[in-house]
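Everything below concerns the one structure shown next.
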There are 2 protein chains.
Amino acid sequence: MKTLVLVSHPEYDNSMTEAFLKQSQSNIDSVDWVVLDQIQNQFTFDKDAEQKRLKQYDRILFQFPMYWYSAPALMKKYQDDVFTRNFIYADEQGWLNGKEFGIVMTLGDPLKDYQVGGSEGFSISELLKPYQAIAKKAHMEFLKPFVIEQFAYMTDAQKEKLLVDYCNYLTNDNFDSFASKQAWYVEQLSALKSTLSEDKQLQMEVLIDYIQGNIDQLDELKWEIELIKKEDDE
Amino acid sequence: MKTLVLVSHPEYDNSMTEAFLKQSQSNIDSVDWVVLDQIQNQFTFDKDAEQKRLKQYDRILFQFPMYWYSAPALMKKYQDDVFTRNFIYADEQGWLNGKEFGIVMTLGDPLKDYQVGGSEGFSISELLKPYQAIAKKAHMEFLKPFVIEQFAYMTDAQKEKLLVDYCNYLTNDNFDSFASKQAWYVEQLSALKSTLSEDKQLQMEVLIDYIQGNIDQLDELKWEIELIKKEDDE
């Protein structure tokens, strides 16, 4: 699976969050990172080149800080310039048909404010409807958004978790399933193992075995529960 | 009441709809018409000048063709440039506090497609949440949107009705109430009367009397209904 991260951030060079996210995915081959602010020319995009780019990916992510409950204007300009009628829904189908469309959004305010009765008053699901509508029009699968709240206040441990979750969102086919996430961790750690010195490889082996053991145990529990259910039914 | 119409349309000079709407309100003193495409400079707005402009109006309208379920990118740029945190909600209040915020939106597709099960799948109320959220943040009253569907296919009679409804939306304090709309019609016709030749003035007088008679009759009916309800309660 190939993933494209399209970033829009008017203060890109000064954004600690973007620098962190860029670093997080920098060694993943299947992910490409494109900053709209760097490829625009007088606030305009090369329609043909961009359409050609988008066609190459399976998962397309819009990544931006929320500005007035939406993406920054430049990201909207990308949509207006590149998403032509023919490209999105020619012959009832279009070129992005079957691909995945996700939103990676950073919030300056806490996520809990985004709900009825909260100080923002509207949920992220409500505010992202225009993007969901594009996914529908283009016959794309709209992914559960990846929301990063208040990066500036995160502890190191929170940032480490963010790094792993973000890479999972970018590269895991089935990023929102617990079983799939576990398998993905094992895969990541196994790949990492080969780059380590011999004694660290051994440590890593133990860690992987431990996670794998966990997975097996959970599978067994699940199987036993199914068995009990079945007996109850009989 | 002073109204500002902020128009964003990438094809403004070629838009028949915009030309029609501009003509519709051209002789109303209390309405100002500003085209963002004409006042932008390299896709950027003069923040101070625009904030000063916005402060002068009671009703602020964003007028645009729907592009990907939202305003064109330039209108978003206006928001990003002009709506600074201090301007919108300094000291929990901001400078637009108490003003009205409305959306005049033109659709190329029929309005009936914008609903669950329709080909667009989402309602206008859902898609406009980001604007409603801005109104909430700025302590503005969010008006019922004025949606113009498929102007190109309108008959002359439909266009005449649109003209009247549009002017009502721009200038009537209480544009969505039937009683207020009627009073507004009488006011408009009375103003028009003075500009007519003597014999036409007489015709207009008859028309105004007729509408006024209608209003009186409706008021009487309403009064009688109230009376019956009251007797029932006793």
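Residue numbering restarts at 1 for every chain of the structure tokens, chains are lettered A, B, ... in their displayed order, and ligands are numbered from 1 as they appear.
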Would you give me, as a Markdown table, each residue of segment 150-191 of chain A having an atom within 9 Å of an atom of segment 11-25 of chain A, along with its shortest atom pair and that distance in Å to one decimal, using only C-alpha atoms and sorting by chain and residue number?
| residue | atom | partner | partner_atom | distance |
| --- | --- | --- | --- | --- |
| A:Phe151 | CA | A:Thr17 | CA | 6.4 |
| A:Ala152 | CA | A:Thr17 | CA | 7.7 |
| A:Lys159 | CA | A:Phe20 | CA | 8.9 |
| A:Leu162 | CA | A:Leu21 | CA | 8.9 |
| A:Leu163 | CA | A:Ser24 | CA | 5.8 |
| A:Val164 | CA | A:Ser24 | CA | 8.2 |
| A:Tyr166 | CA | A:Leu21 | CA | 7.8 |
| A:Cys167 | CA | A:Gln25 | CA | 6.4 |
| A:Leu170 | CA | A:Gln25 | CA | 8.3 |
>> Counting only C-alpha atoms, a student should be able to say which residues of chain A come within 6 Å of chain B; what is the right answer, written as an MDAnalysis selection string?
In response: chainID A and resid 69 73 76:77 127 129:130
Now that the selection is made, can you save its residues with C-alpha atoms as a compact mmCIF listing (two decimals), in the first residue's frame?
# COMPACT_ATOMS: atom_id res chain seq x y z
CA TYR A 69 -13.06 24.70 11.47
CA ALA A 73 -7.10 28.20 2.36
CA LYS A 76 -8.93 24.35 -0.40
CA LYS A 77 -7.16 25.87 -3.41
CA LEU A 127 -17.05 19.86 10.95
CA LYS A 129 -18.67 16.73 6.57
CA PRO A 130 -17.42 18.63 3.51
> Among segment 9-41 of chain B, which residues carry a DSSP assignment of strand (DSSP E), reported as a list in words?
Replying inline: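 Answer for segment 9-41 of chain B, restricted to strand (DSSP E): Val31, Asp32, Trp33, Val34 and Val35 of chain B.
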Go ahead and write the residues just picked, C-alpha atoms, as an mmCIF file, in the first residue's frame.
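The result, written out as result-v5.cif:
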data_model
loop_
_atom_site.group_PDB
_atom_site.id
_atom_site.type_symbol
_atom_site.label_atom_id
_atom_site.label_comp_id
_atom_site.auth_asym_id
_atom_site.auth_seq_id
_atom_site.Cartn_x
_atom_site.Cartn_y
_atom_site.Cartn_z
ATOM 1 C CA VAL B 31 -26.201 47.453 1.094
ATOM 2 C CA ASP B 32 -22.537 47.391 0.082
ATOM 3 C CA TRP B 33 -21.176 44.886 -2.405
ATOM 4 C CA VAL B 34 -17.536 43.815 -2.281
ATOM 5 C CA VAL B 35 -15.937 41.238 -4.568
#
>> Taking 2 positions as the minimum chain separation for residues in the same chain, which residues sit within 12 Å of segment 187-189 of chain A when counting only C-alpha atoms? Answer as a ChimeraX atom specification.
In response: /A:28,164,167-168,171-172,180-185,191-196,200-201,203-212
>> Using Å and a single decimal, report how far atom CA of Asp58 of chain B sits from atom CA of Glu149 of chain B.
In response: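 Pair atom CA of Glu149 of chain B / atom CA of Asp58 of chain B returns 26.4 Å.
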>> For the alpha helix (DSSP H) assignment from backbone DSSP, which residues of segment 22-209 of chain B qualify? Please present them as an NGL selection string.
In response: :B and (22-25 or 36-39 or 47-55 or 73-82 or 85-89 or 124-127 or 129-137 or 156-171 or 178-193 or 198-209)
> Expressed in Å to a single decimal, how great is the separation between atom CA of Lys52 of chain A and atom CA of Met140 of chain A?
Replying inline: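 Result for atom CA of Lys52 of chain A versus atom CA of Met140 of chain A: 16.9 Å, one decimal.
Distance check against Asp173 of chain A using only C-alpha atoms: of A:Lys222, A:Lys99, A:Arg85, A:Lys161, the minimum falls on A:Lys99.
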> Do you have the atom CA of Thr106 of chain B-atom CA of Asp46 of chain B distance handy?
Replying inline: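 Atom-to-atom, atom CA of Thr106 of chain B and atom CA of Asp46 of chain B are spaced 26.6 Å apart.
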